[in-house]
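entry_32.txt follows; it contains compact mmCIF, C-alpha atoms.
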```txt
# COMPACT_ATOMS: atom_id res chain seq x y z
CA MET A 1 -4.10 -14.08 -24.43
CA PHE A 2 -0.82 -12.84 -23.04
CA ASP A 3 2.28 -15.00 -22.54
CA LEU A 4 2.75 -13.68 -19.04
CA MET A 5 0.62 -11.75 -16.60
CA ILE A 6 2.41 -10.05 -13.73
CA ILE A 7 0.10 -9.15 -10.87
CA GLY A 8 1.46 -6.52 -8.51
CA GLY A 9 3.39 -3.28 -8.97
CA GLY A 10 5.92 -3.37 -6.15
CA PRO A 11 9.62 -4.17 -6.54
CA ALA A 12 8.92 -7.87 -7.27
CA GLY A 13 6.37 -7.20 -10.01
CA LEU A 14 8.39 -4.39 -11.55
CA ALA A 15 11.66 -6.34 -11.60
CA ALA A 16 9.72 -9.24 -13.15
CA SER A 17 8.39 -6.82 -15.78
CA VAL A 18 11.89 -5.73 -16.76
CA TYR A 19 13.09 -9.31 -17.13
CA ALA A 20 9.95 -10.45 -18.98
CA ALA A 21 10.18 -7.52 -21.39
CA ARG A 22 13.84 -8.26 -22.11
CA LYS A 23 12.85 -11.85 -22.96
CA ARG A 24 10.30 -10.31 -25.36
CA LEU A 25 7.43 -12.06 -23.62
CA ASP A 26 4.04 -10.61 -24.48
CA THR A 27 3.48 -9.28 -20.98
CA LEU A 28 0.63 -7.70 -19.06
CA LEU A 29 1.32 -5.89 -15.80
CA ILE A 30 -1.76 -5.46 -13.59
CA ALA A 31 -1.41 -3.49 -10.38
CA THR A 32 -3.53 -1.55 -7.94
CA ASP A 33 -0.73 1.01 -7.93
CA ILE A 34 2.89 1.23 -8.93
CA GLY A 35 5.21 1.03 -5.94
CA GLY A 36 3.57 -1.16 -3.34
CA GLN A 37 4.87 -0.68 0.17
CA VAL A 38 7.90 1.24 -1.12
CA ILE A 39 5.68 4.30 -1.54
CA ARG A 40 5.26 4.45 2.21
CA THR A 41 8.96 4.20 2.91
CA MET A 42 10.43 7.61 3.50
CA GLY A 43 14.13 6.81 3.57
CA ILE A 44 15.79 3.78 1.99
CA GLU A 45 19.45 3.19 2.78
CA ASN A 46 19.83 -0.48 1.92
CA TYR A 47 18.92 -0.76 -1.75
CA LEU A 48 22.09 -1.31 -3.71
CA GLY A 49 23.15 1.63 -5.84
CA TYR A 50 21.65 4.28 -3.57
CA GLN A 51 23.17 5.44 -0.31
CA PHE A 52 19.89 7.17 0.42
CA ILE A 53 16.72 7.47 -1.60
CA GLU A 54 13.10 8.21 -0.71
CA GLY A 55 10.48 5.59 -1.54
CA PRO A 56 8.48 7.67 -4.04
CA GLU A 57 11.69 8.64 -5.86
CA LEU A 58 12.84 5.03 -6.17
CA ILE A 59 9.41 4.06 -7.49
CA GLU A 60 9.60 6.85 -10.04
CA LYS A 61 12.90 5.40 -11.27
CA PHE A 62 11.33 1.93 -11.49
CA ARG A 63 8.36 3.36 -13.39
CA THR A 64 10.57 5.19 -15.86
CA GLN A 65 12.57 2.04 -16.41
CA ILE A 66 9.59 -0.19 -17.19
CA SER A 67 7.85 2.42 -19.33
CA GLN A 68 10.60 2.06 -21.97
CA PHE A 69 9.44 -1.51 -22.66
CA PRO A 70 6.45 -2.47 -24.80
CA ILE A 71 4.51 -4.19 -22.05
CA GLU A 72 0.81 -3.66 -21.54
CA GLN A 73 0.06 -1.92 -18.22
CA LYS A 74 -3.23 -1.94 -16.36
CA ILE A 75 -2.62 0.26 -13.36
CA GLY A 76 -5.45 1.01 -10.97
CA TYR A 77 -6.84 -2.51 -11.41
CA THR A 78 -7.01 -4.92 -8.50
CA VAL A 79 -7.15 -8.63 -9.26
CA THR A 80 -9.89 -10.15 -7.14
CA ARG A 81 -9.61 -13.76 -8.28
CA LEU A 82 -7.17 -15.82 -10.28
CA THR A 83 -8.40 -19.10 -11.77
CA LYS A 84 -7.08 -21.83 -14.03
CA VAL A 85 -8.90 -22.03 -17.36
CA ASP A 86 -7.72 -25.08 -19.35
CA THR A 87 -3.97 -24.61 -19.60
CA ALA A 88 -4.10 -20.85 -19.01
CA PHE A 89 -4.98 -18.46 -16.20
CA GLN A 90 -7.74 -15.91 -15.93
CA ALA A 91 -7.67 -12.88 -13.67
CA GLU A 92 -10.90 -11.23 -12.62
CA THR A 93 -10.55 -7.60 -11.55
CA ASP A 94 -12.51 -5.06 -9.55
CA SER A 95 -13.37 -3.33 -12.83
CA SER A 96 -15.15 -6.47 -14.18
CA GLU A 97 -12.54 -6.66 -16.97
CA LYS A 98 -10.89 -10.08 -17.25
CA PHE A 99 -7.44 -10.92 -18.50
CA GLN A 100 -5.85 -14.18 -19.61
CA ALA A 101 -2.29 -15.40 -19.83
CA ARG A 102 -0.38 -18.66 -20.20
CA ALA A 103 1.76 -17.99 -17.15
CA VAL A 104 1.38 -15.75 -14.11
CA ILE A 105 3.70 -14.11 -11.61
CA TYR A 106 1.75 -13.26 -8.48
CA ALA A 107 3.55 -10.47 -6.64
CA THR A 108 0.91 -8.53 -4.75
CA GLY A 109 2.88 -7.87 -1.58
CA LYS A 110 1.41 -7.03 1.78
CA LYS A 111 -1.01 -4.50 3.21
CA PRO A 112 -1.56 -3.12 6.72
CA ARG A 113 -3.31 -5.49 9.09
CA LYS A 114 -6.70 -4.33 10.33
CA LEU A 115 -7.88 -4.46 13.92
CA GLY A 116 -11.13 -6.12 12.97
CA VAL A 117 -13.24 -4.17 15.45
CA PRO A 118 -16.60 -2.41 15.04
CA GLY A 119 -16.26 1.12 13.69
CA GLU A 120 -12.91 0.49 12.03
CA ASP A 121 -14.15 0.33 8.42
CA GLU A 122 -16.86 2.91 9.00
CA TYR A 123 -14.33 5.51 10.19
CA ALA A 124 -11.44 4.59 7.89
CA GLY A 125 -10.13 7.91 6.57
CA LYS A 126 -12.37 9.68 9.06
CA GLY A 127 -9.99 9.36 11.97
CA VAL A 128 -8.82 5.79 11.51
CA THR A 129 -5.59 5.67 9.53
CA TYR A 130 -3.03 3.08 8.51
CA CYS A 131 -0.41 5.58 7.35
CA ALA A 132 0.98 7.59 10.24
CA ILE A 133 3.55 9.44 8.14
CA CYS A 134 0.80 10.50 5.72
CA ASP A 135 -1.95 11.59 8.04
CA GLY A 136 -0.11 12.44 11.25
CA PRO A 137 -0.01 16.21 10.68
CA VAL A 138 -3.78 16.32 10.07
CA PHE A 139 -4.20 15.53 13.78
CA ALA A 140 -1.96 18.32 15.06
CA GLY A 141 -3.15 19.56 18.46
CA GLN A 142 -5.68 16.74 18.88
CA ARG A 143 -5.87 13.61 21.01
CA VAL A 144 -4.96 10.37 19.24
CA ALA A 145 -4.22 6.73 19.90
CA VAL A 146 -1.61 4.53 18.30
CA VAL A 147 -2.53 0.86 18.37
CA GLY A 148 0.34 -1.63 18.33
CA GLY A 149 3.49 -2.46 20.22
CA GLY A 150 6.12 -3.07 17.55
CA ASN A 151 8.59 -0.73 15.91
CA SER A 152 6.14 0.85 13.50
CA ALA A 153 3.74 1.63 16.36
CA LEU A 154 6.53 3.07 18.50
CA SER A 155 7.80 5.23 15.63
CA ALA A 156 4.28 6.49 14.97
CA ALA A 157 3.85 7.31 18.68
CA LEU A 158 7.20 9.13 18.69
CA ASP A 159 6.13 11.23 15.71
CA MET A 160 2.73 11.95 17.19
CA VAL A 161 3.83 13.06 20.68
CA LYS A 162 5.56 15.97 18.92
CA ILE A 163 2.42 17.24 17.22
CA ALA A 164 -0.64 15.86 18.99
CA GLU A 165 -2.06 17.17 22.26
CA HIS A 166 -2.01 13.68 23.78
CA VAL A 167 -1.17 10.17 22.62
CA ASP A 168 -2.44 6.85 24.00
CA LEU A 169 -0.25 3.94 22.93
CA VAL A 170 -2.45 0.84 23.14
CA SER A 171 -0.80 -2.55 22.81
CA LEU A 172 -2.34 -5.98 23.15
CA THR A 173 0.98 -7.31 24.48
CA LYS A 174 3.96 -5.78 26.23
CA LEU A 175 5.85 -3.43 23.90
CA THR A 176 7.88 -5.55 21.49
CA GLY A 177 9.74 -2.83 19.58
CA ASP A 178 13.39 -1.82 19.96
CA ALA A 179 14.54 -0.66 23.39
CA ILE A 180 15.97 2.54 21.92
CA LEU A 181 12.50 3.60 20.75
CA ILE A 182 10.91 2.68 24.09
CA ASP A 183 13.56 4.78 25.89
CA LYS A 184 12.83 7.77 23.66
CA LEU A 185 9.11 7.43 24.32
CA SER A 186 9.62 7.46 28.09
CA GLU A 187 10.68 11.12 27.79
CA ALA A 188 7.34 12.19 26.33
CA ARG A 189 5.02 13.95 28.77
CA ASN A 190 1.84 13.74 26.73
CA LEU A 191 1.96 9.97 26.29
CA ASN A 192 0.02 7.29 28.12
CA ILE A 193 1.05 3.69 27.51
CA LEU A 194 -1.62 1.03 27.89
CA THR A 195 -0.01 -2.37 27.51
CA GLU A 196 -2.05 -5.56 27.48
CA TYR A 197 -5.13 -3.70 26.40
CA GLN A 198 -7.44 -5.00 23.71
CA THR A 199 -9.03 -2.48 21.35
CA GLU A 200 -12.73 -3.26 21.28
CA LYS A 201 -14.52 -0.56 19.35
CA ILE A 202 -14.01 2.70 17.51
CA GLU A 203 -16.78 5.23 18.04
CA GLY A 204 -17.68 8.42 16.27
CA ASN A 205 -20.18 10.72 14.76
CA SER A 206 -19.21 11.20 11.10
CA LEU A 207 -15.63 11.50 12.41
CA VAL A 208 -13.93 9.50 15.17
CA THR A 209 -14.68 10.69 18.70
CA GLY A 210 -13.33 7.84 20.81
CA MET A 211 -12.18 4.30 21.27
CA ARG A 212 -13.08 1.59 23.77
CA VAL A 213 -10.35 -0.65 25.15
CA ARG A 214 -10.36 -3.47 27.69
CA GLY A 215 -7.56 -4.72 29.92
CA VAL A 216 -6.62 -8.25 28.85
CA LYS A 217 -6.01 -9.43 32.42
CA SER A 218 -8.01 -6.96 34.48
CA GLY A 219 -11.06 -6.90 32.19
CA GLU A 220 -11.26 -3.20 33.01
CA GLU A 221 -12.93 -1.14 30.31
CA LYS A 222 -11.86 2.37 29.35
CA ARG A 223 -13.16 4.89 26.88
CA LEU A 224 -10.52 7.08 25.32
CA ASP A 225 -11.73 10.40 23.95
CA LEU A 226 -9.81 11.07 20.77
CA ALA A 227 -10.00 12.16 17.14
CA GLY A 228 -7.49 9.82 15.56
CA VAL A 229 -6.62 6.14 15.69
CA PHE A 230 -3.34 5.08 14.08
CA VAL A 231 -3.40 1.35 13.44
CA GLU A 232 0.15 -0.06 13.36
CA ILE A 233 -0.21 -3.78 14.01
CA GLY A 234 1.80 -5.26 11.19
CA LEU A 235 1.09 -6.46 7.70
CA VAL A 236 -0.87 -9.23 6.00
CA PRO A 237 -0.25 -10.72 2.55
CA ASN A 238 -2.56 -9.81 -0.34
CA SER A 239 -3.20 -13.45 -1.13
CA GLU A 240 -7.02 -13.58 -1.27
CA ALA A 241 -7.14 -13.81 -5.07
CA VAL A 242 -5.20 -17.11 -5.13
CA LYS A 243 -6.42 -18.73 -1.94
CA ASP A 244 -8.47 -21.33 -3.85
CA LEU A 245 -5.66 -22.04 -6.29
CA VAL A 246 -2.68 -22.63 -4.03
CA LYS A 247 -1.93 -23.51 -0.46
CA LEU A 248 -1.15 -20.62 1.87
CA ASN A 249 0.95 -20.96 5.00
CA ARG A 250 -0.38 -19.99 8.42
CA PHE A 251 0.52 -16.36 7.81
CA GLY A 252 -1.51 -16.35 4.59
CA GLU A 253 1.61 -16.30 2.43
CA VAL A 254 1.89 -18.17 -0.88
CA LYS A 255 4.25 -21.11 -0.53
CA ILE A 256 6.95 -21.24 -3.19
CA ASN A 257 10.13 -23.22 -3.82
CA CYS A 258 13.53 -21.72 -4.60
CA ARG A 259 12.46 -21.31 -8.25
CA CYS A 260 9.47 -19.17 -7.21
CA GLU A 261 7.23 -22.01 -8.39
CA THR A 262 3.90 -22.81 -6.76
CA PRO A 263 2.46 -26.32 -7.05
CA VAL A 264 0.38 -25.06 -10.02
CA PRO A 265 2.47 -25.28 -13.23
CA GLY A 266 2.80 -21.84 -14.81
CA LEU A 267 1.93 -19.98 -11.62
CA TYR A 268 4.88 -18.27 -10.00
CA ALA A 269 4.92 -15.98 -6.98
CA ALA A 270 7.49 -13.48 -5.77
CA GLY A 271 8.21 -10.99 -3.04
CA ASP A 272 6.42 -10.19 0.20
CA VAL A 273 3.26 -12.14 -0.64
CA THR A 274 5.31 -15.35 -0.56
CA ASP A 275 6.89 -17.30 2.27
CA VAL A 276 10.38 -16.17 1.20
CA PRO A 277 12.37 -15.44 4.35
CA GLU A 278 13.05 -11.71 4.86
CA LYS A 279 10.91 -9.01 3.32
CA GLN A 280 13.18 -6.44 1.77
CA ILE A 281 13.04 -4.34 -1.41
CA VAL A 282 16.25 -5.85 -2.76
CA ILE A 283 15.02 -9.38 -2.02
CA ALA A 284 11.60 -8.78 -3.61
CA ALA A 285 13.29 -7.38 -6.72
CA GLY A 286 15.60 -10.40 -6.92
CA GLU A 287 12.71 -12.80 -6.48
CA GLY A 288 10.74 -11.01 -9.20
CA ALA A 289 13.65 -11.33 -11.61
CA LYS A 290 14.01 -15.01 -10.80
CA ALA A 291 10.28 -15.65 -11.24
CA ALA A 292 10.32 -13.98 -14.68
CA LEU A 293 13.27 -16.05 -15.87
CA GLN A 294 11.61 -19.20 -14.59
CA ALA A 295 8.31 -18.28 -16.26
CA HIS A 296 10.21 -17.72 -19.51
CA ARG A 297 11.72 -21.21 -19.27
CA TYR A 298 8.26 -22.64 -18.63
CA LEU A 299 6.83 -20.93 -21.73
CA GLN A 300 9.81 -22.15 -23.79
CA ARG A 301 9.40 -25.69 -22.48
CA LEU A 302 5.76 -25.77 -23.49
CA ALA A 303 6.78 -24.27 -26.85
CA TYR A 304 4.57 -21.21 -26.42
CA VAL A 305 7.60 -19.09 -27.15
CA HIS A 306 10.61 -19.95 -29.30
CA TYR A 307 13.01 -17.23 -28.20
CA MET B 1 -12.99 22.80 -22.96
CA ALA B 2 -12.47 24.87 -19.85
CA GLU B 3 -9.60 23.81 -17.66
CA LYS B 4 -10.71 21.82 -14.64
CA LYS B 5 -10.21 23.30 -11.19
CA VAL B 6 -7.99 20.97 -9.22
CA PHE B 7 -7.14 21.29 -5.53
CA VAL B 8 -4.75 18.99 -3.67
CA TYR B 9 -4.76 18.85 0.14
CA SER B 10 -1.57 17.22 1.33
CA THR B 11 1.16 16.98 3.96
CA PRO B 12 4.88 17.22 3.15
CA THR B 13 5.60 13.79 4.66
CA CYS B 14 2.92 11.89 2.79
CA PRO B 15 4.24 9.70 -0.03
CA TYR B 16 0.82 9.24 -1.64
CA CYS B 17 0.48 13.03 -1.83
CA LYS B 18 3.77 13.10 -3.70
CA ARG B 19 2.42 10.46 -6.07
CA VAL B 20 -0.73 12.49 -6.77
CA LYS B 21 1.24 15.68 -7.39
CA GLU B 22 3.77 13.92 -9.62
CA TYR B 23 0.95 12.28 -11.54
CA LEU B 24 -0.89 15.56 -12.11
CA SER B 25 2.34 17.27 -13.17
CA ARG B 26 3.13 14.43 -15.56
CA LYS B 27 -0.27 14.96 -17.17
CA GLY B 28 0.35 18.71 -17.39
CA ILE B 29 -2.54 19.51 -15.04
CA ASN B 30 -2.38 22.77 -13.07
CA TYR B 31 -3.46 22.46 -9.46
CA THR B 32 -3.62 24.47 -6.27
CA GLU B 33 -1.96 22.83 -3.31
CA PHE B 34 -2.78 23.21 0.39
CA ASN B 35 -0.35 21.99 3.05
CA VAL B 36 -2.73 20.92 5.80
CA ALA B 37 0.16 20.31 8.20
CA GLU B 38 0.72 24.07 8.42
CA ASP B 39 -2.47 25.62 7.17
CA ARG B 40 -5.07 24.78 9.84
CA ASN B 41 -7.84 26.53 7.92
CA ALA B 42 -7.12 24.39 4.88
CA ALA B 43 -7.18 21.31 7.11
CA LYS B 44 -10.62 22.27 8.42
CA GLU B 45 -11.82 23.01 4.92
CA MET B 46 -10.59 19.61 3.71
CA ILE B 47 -12.39 17.78 6.52
CA GLN B 48 -15.54 19.78 5.90
CA LYS B 49 -15.59 19.31 2.13
CA SER B 50 -14.53 15.68 2.04
CA GLY B 51 -15.49 14.26 5.43
CA GLN B 52 -11.97 12.84 5.40
CA MET B 53 -9.19 13.10 7.94
CA GLY B 54 -6.61 11.53 5.70
CA VAL B 55 -4.45 12.89 2.93
CA PRO B 56 -4.18 13.26 0.02
CA VAL B 57 -7.59 14.62 -0.86
CA THR B 58 -7.88 15.84 -4.45
CA ILE B 59 -10.89 17.86 -5.55
CA ILE B 60 -11.51 18.01 -9.28
CA ASP B 61 -14.38 20.33 -10.25
CA GLY B 62 -16.01 19.57 -6.91
CA GLN B 63 -15.53 15.80 -7.15
CA ILE B 64 -13.48 14.22 -4.41
CA VAL B 65 -10.68 11.69 -4.79
CA VAL B 66 -9.26 10.19 -1.62
CA GLY B 67 -5.74 8.79 -1.69
CA PHE B 68 -3.82 8.10 -4.88
CA ASN B 69 -6.47 6.49 -7.03
CA GLN B 70 -5.10 6.60 -10.55
CA SER B 71 -8.13 5.21 -12.34
CA LEU B 72 -10.48 7.65 -10.62
CA LEU B 73 -8.14 10.59 -11.30
CA ASP B 74 -8.05 9.55 -14.96
CA LYS B 75 -11.81 9.29 -15.07
CA LEU B 76 -12.39 12.73 -13.55
CA LEU B 77 -9.70 14.35 -15.67
CA ASP B 78 -10.81 12.41 -18.79
CA THR B 79 -7.28 11.86 -19.90
CA GLN B 80 -5.17 8.79 -20.21
CA VAL B 81 -1.44 8.86 -19.77
CA THR B 82 0.70 5.74 -19.55
```
Rewrite the structure of this file - the entire thing - as structure tokens.
Amino acid sequence: MFDLMIIGGGPAGLAASVYAARKRLDTLLIATDIGGQVIRTMGIENYLGYQFIEGPELIEKFRTQISQFPIEQKIGYTVTRLTKVDTAFQAETDSSEKFQARAVIYATGKKPRKLGVPGEDEYAGKGVTYCAICDGPVFAGQRVAVVGGGNSALSAALDMVKIAEHVDLVSLTKLTGDAILIDKLSEARNLNILTEYQTEKIEGNSLVTGMRVRGVKSGEEKRLDLAGVFVEIGLVPNSEAVKDLVKLNRFGEVKINCRCETPVPGLYAAGDVTDVPEKQIVIAAGEGAKAALQAHRYLQRLAYVHY
Amino acid sequence: MAEKKVFVYSTPTCPYCKRVKEYLSRKGINYTEFNVAEDRNAAKEMIQKSGQMGVPVTIIDGQIVVGFNQSLLDKLLDTQVT
């Protein structure tokens, strides 16, 4: 039984780890991967202390910092369910190993939202991708679609018009991203913008070969011949593991108060998985620190720890 | 024990590729890298061998790891580094 279990390896979970370790709490850090969404961030210019740093480099600094502390790390483990067992908590993982602790900080962040259409899961990694900066170059000289209308979709489309043969930008609504990006896109000659089109199906034959879309108003159906589908329709919180334990808001985020407390005593949450306003690295890190200090007070109050 | 043959197919802009390469280096594993953004033959080879159109793809003695999957990398390399 650990004093504290920190679930999630992004800025919130890692900052919490530093604070928990400095309070000498017997701490377990469980994470699918170290870094969370920061890994996918190429340039960071708003994290205090760095005028510019790349995501992977910042994560490496975080990792080095936490590895100096004697906390137990289970990296590569995804918590599938968190339950209350008497006065403690139990985490079930995808490896069938279970872990227990007296207090928990849930800091699992967000993941890319899926389209939820037939063919999407089947062709994930086989033409369907959620990381344009990663996989973009693999589709050089081919036809692709970017699905979405916000800034991340527009940026992906801007990157892809430079390397792909042709890009279809498919958005369910009118484009909602920044005007400056929309202006830049209007210069591209190999781009076709389909606004108010619903993506209905991704088709393929071991790899993606096309996508079916339907006009929201017109009902007109089109088949787009392409090899790649870049899904850029926002993020959803990784809150499944606690959905039976706490109330989620309508976005699926864990509701917390200003002390990072949930209604369940001993269960704290921090960072992008919560309803904290603004999702930023610096905010997630601050929330993680706060959650760890609050969890320490909780353990002191219940006399589990005397330091 | 013979050294395992490790190939990493990656793109320069892919953060997960960086993570894989850093992780292998940290473990002292030698690997051969292919930049599929420039090397079209390597890109074809990657798709053929792995059925994947996403990077990173790591091949360890013929076994395929998609993405940065630390526990699977550990398993295939039979080493544990914290």
Quick one: which chain A residues come within 8 Å of chain B, and what is the nearest atom pair for each with the distance in Å to one decimal, counting all atoms listed in the file, rows ordered by chain and ascending number, as CSV?
```
residue,atom,partner,partner_atom,distance
A:Asp33,CA,B:Gln70,CA,7.6
A:Ile39,CA,B:Pro15,CA,5.8
A:Arg40,CA,B:Pro15,CA,5.8
A:Thr41,CA,B:Pro15,CA,7.8
A:Met42,CA,B:Pro15,CA,7.4
A:Gly55,CA,B:Pro15,CA,7.6
A:Pro56,CA,B:Pro15,CA,6.2
A:Ser67,CA,B:Thr82,CA,7.9
A:Gln73,CA,B:Thr82,CA,7.8
A:Ile75,CA,B:Gln70,CA,7.4
A:Gly76,CA,B:Ser71,CA,5.2
A:Tyr77,CA,B:Ser71,CA,7.9
A:Gly125,CA,B:Gly54,CA,5.1
A:Lys126,CA,B:Met53,CA,4.8
A:Gly127,CA,B:Met53,CA,5.6
A:Thr129,CA,B:Gly54,CA,7.1
A:Ile133,CA,B:Cys14,CA,5.9
A:Cys134,CA,B:Cys14,CA,3.9
A:Asp135,CA,B:Gly54,CA,5.2
A:Pro137,CA,B:Ala37,CA,4.8
A:Val138,CA,B:Ala37,CA,5.9
A:Ala140,CA,B:Ala37,CA,7.5
A:Ser206,CA,B:Gly51,CA,7.4
A:Leu207,CA,B:Gly51,CA,7.5
```
Selected residues written out with C-alpha atoms, as a short mmCIF file (atom, residue, chain, number, x, y, z; two decimals), in the coordinates of the input:
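Full text of out-v7.cif as output:
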```cif
data_model
loop_
_atom_site.label_atom_id
_atom_site.label_comp_id
_atom_site.auth_asym_id
_atom_site.auth_seq_id
_atom_site.Cartn_x
_atom_site.Cartn_y
_atom_site.Cartn_z
CA ASP A 33 -0.73 1.01 -7.93
CA ILE A 39 5.68 4.30 -1.54
CA ARG A 40 5.26 4.45 2.21
CA THR A 41 8.96 4.20 2.91
CA MET A 42 10.43 7.61 3.50
CA GLY A 55 10.48 5.59 -1.54
CA PRO A 56 8.48 7.67 -4.04
CA SER A 67 7.85 2.42 -19.33
CA GLN A 73 0.06 -1.92 -18.22
CA ILE A 75 -2.62 0.26 -13.36
CA GLY A 76 -5.45 1.01 -10.97
CA TYR A 77 -6.84 -2.51 -11.41
CA GLY A 125 -10.13 7.91 6.57
CA LYS A 126 -12.37 9.68 9.06
CA GLY A 127 -9.99 9.36 11.97
CA THR A 129 -5.59 5.67 9.53
CA ILE A 133 3.55 9.44 8.14
CA CYS A 134 0.80 10.50 5.72
CA ASP A 135 -1.95 11.59 8.04
CA PRO A 137 -0.01 16.21 10.68
CA VAL A 138 -3.78 16.32 10.07
CA ALA A 140 -1.96 18.32 15.06
CA SER A 206 -19.21 11.20 11.10
CA LEU A 207 -15.63 11.50 12.41
#
```
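Excluding Gly9 (chain A) itself and any same-chain residue fewer than 3 positions from it, the protein and nucleic acid residues within 9 Å of it, counting all atoms listed in the file, are Ile6, Ala12, Gly13, Leu14, Leu29, Ile30, Ala31, Thr32, Asp33, Ile34, Gly35, Gly36, Ile75, Ala107, Thr108 and Gly109 of chain A.
Separating CA of Glu240 (chain A) from CA of Ile281 (chain A) is a distance of 22.1 Å.
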Seminar exercise, completed: Closest of A:Ser17, A:Gln198, A:Gln37, A:Thr274 to Leu169 (chain A), counting only C-alpha atoms, is A:Gln198
For this session: Give me, please, the distance in Å between CA of Leu115 (chain A) and CA of Gln280 (chain A), quoted to one decimal.
Result: 24.4 Å
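The coordinates place CA of Ile66 (chain A) at 23.9 Å from CA of Leu82 (chain A).
Surrounding residues of (-12.6, 5.5, 28.8) at most 12 Å away are Asp168, Leu194, Thr199, Glu200, Lys201, Ile202, Glu203, Thr209, Gly210, Met211, Arg212, Val213, Arg214, Gly215, Glu220, Glu221, Lys222, Arg223, Leu224, Asp225 and Leu226 of chain A (based on only C-alpha atoms).
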Problem set entry | Residue contacts of Leu299 (chain A) (12 Å, all atoms listed in the file) excluding same-chain residues fewer than 4 positions away, as a ChimeraX atom specification | /A:2-4,20,23-26,87-88,101-104,265-267,292-295,303-307
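Among the candidate residues A:Val117, A:Ala227, A:Val282, A:Ile182, the one lying nearest to Tyr50 (chain A) is A:Val282, with distances computed using only C-alpha atoms.
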Box for region 19-25 of chain B: with edges along x, y and z, all listed atoms inside and 6 Å added on each side, what are the centre and edge lengths in Å to one decimal, as AutoDock Vina command-line options?
```
--center_x 1.4 --center_y 13.9 --center_z -9.6 --size_x 16.7 --size_y 18.8 --size_z 19.1
```
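The residue set within 6 Å of region 143-155 of chain A, counting all atoms listed in the file and dropping same-chain residues fewer than 6 places from it, reads Glu165, His166, Val167, Asp168, Leu169, Val170, Ser171, Leu175, Thr176, Gly177, Leu226, Ala227, Gly228, Val229, Phe230, Val231, Glu232 and Ile233 of chain A.
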For this session: May I have the residues within 9 Å of Lys21 (chain B) as a ChimeraX atom specification, using only C-alpha atoms and disregarding those fewer than 5 positions away in the same chain?
Result: /B:8,16,26,31,33
For this session: Show which residues sit within 6 Å of Ile59 (chain B), as a count of residues only. Count all atoms listed in the file, and ignore same-chain residues fewer than 4 positions away.
Result: 4
Export: region 291-302 of chain A, N, CA and C atoms, as an mmCIF file, in the first residue's frame:
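The result, stored in result36.cif:
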```cif
data_model
loop_
_atom_site.group_PDB
_atom_site.id
_atom_site.type_symbol
_atom_site.label_atom_id
_atom_site.label_comp_id
_atom_site.auth_asym_id
_atom_site.auth_seq_id
_atom_site.Cartn_x
_atom_site.Cartn_y
_atom_site.Cartn_z
ATOM 1 N N ALA A 291 -2.167 19.820 -5.943
ATOM 2 C CA ALA A 291 -2.824 18.557 -5.588
ATOM 3 C C ALA A 291 -1.935 17.733 -4.652
ATOM 4 N N ALA A 292 -0.618 17.722 -4.911
ATOM 5 C CA ALA A 292 0.290 16.926 -4.072
ATOM 6 C C ALA A 292 0.355 17.500 -2.662
ATOM 7 N N LEU A 293 0.405 18.812 -2.556
ATOM 8 C CA LEU A 293 0.458 19.428 -1.223
ATOM 9 C C LEU A 293 -0.844 19.175 -0.466
ATOM 10 N N GLN A 294 -1.960 19.230 -1.189
ATOM 11 C CA GLN A 294 -3.247 18.951 -0.561
ATOM 12 C C GLN A 294 -3.344 17.482 -0.142
ATOM 13 N N ALA A 295 -2.860 16.594 -0.967
ATOM 14 C CA ALA A 295 -2.889 15.161 -0.642
ATOM 15 C C ALA A 295 -2.010 14.898 0.587
ATOM 16 N N HIS A 296 -0.899 15.596 0.676
ATOM 17 C CA HIS A 296 -0.024 15.460 1.841
ATOM 18 C C HIS A 296 -0.752 15.889 3.116
ATOM 19 N N ARG A 297 -1.457 17.007 3.043
ATOM 20 C CA ARG A 297 -2.236 17.469 4.211
ATOM 21 C C ARG A 297 -3.280 16.432 4.606
ATOM 22 N N TYR A 298 -3.932 15.865 3.601
ATOM 23 C CA TYR A 298 -4.962 14.845 3.855
ATOM 24 C C TYR A 298 -4.355 13.655 4.596
ATOM 25 N N LEU A 299 -3.198 13.192 4.138
ATOM 26 C CA LEU A 299 -2.549 12.033 4.761
ATOM 27 C C LEU A 299 -2.083 12.369 6.181
ATOM 28 N N GLN A 300 -1.655 13.603 6.383
ATOM 29 C CA GLN A 300 -1.270 14.064 7.730
ATOM 30 C C GLN A 300 -2.482 14.086 8.660
ATOM 31 N N ARG A 301 -3.571 14.648 8.111
ATOM 32 C CA ARG A 301 -4.801 14.795 8.897
ATOM 33 C C ARG A 301 -5.301 13.438 9.367
ATOM 34 N N LEU A 302 -5.213 12.455 8.521
ATOM 35 C CA LEU A 302 -5.687 11.118 8.887
ATOM 36 C C LEU A 302 -4.592 10.322 9.607
#
```
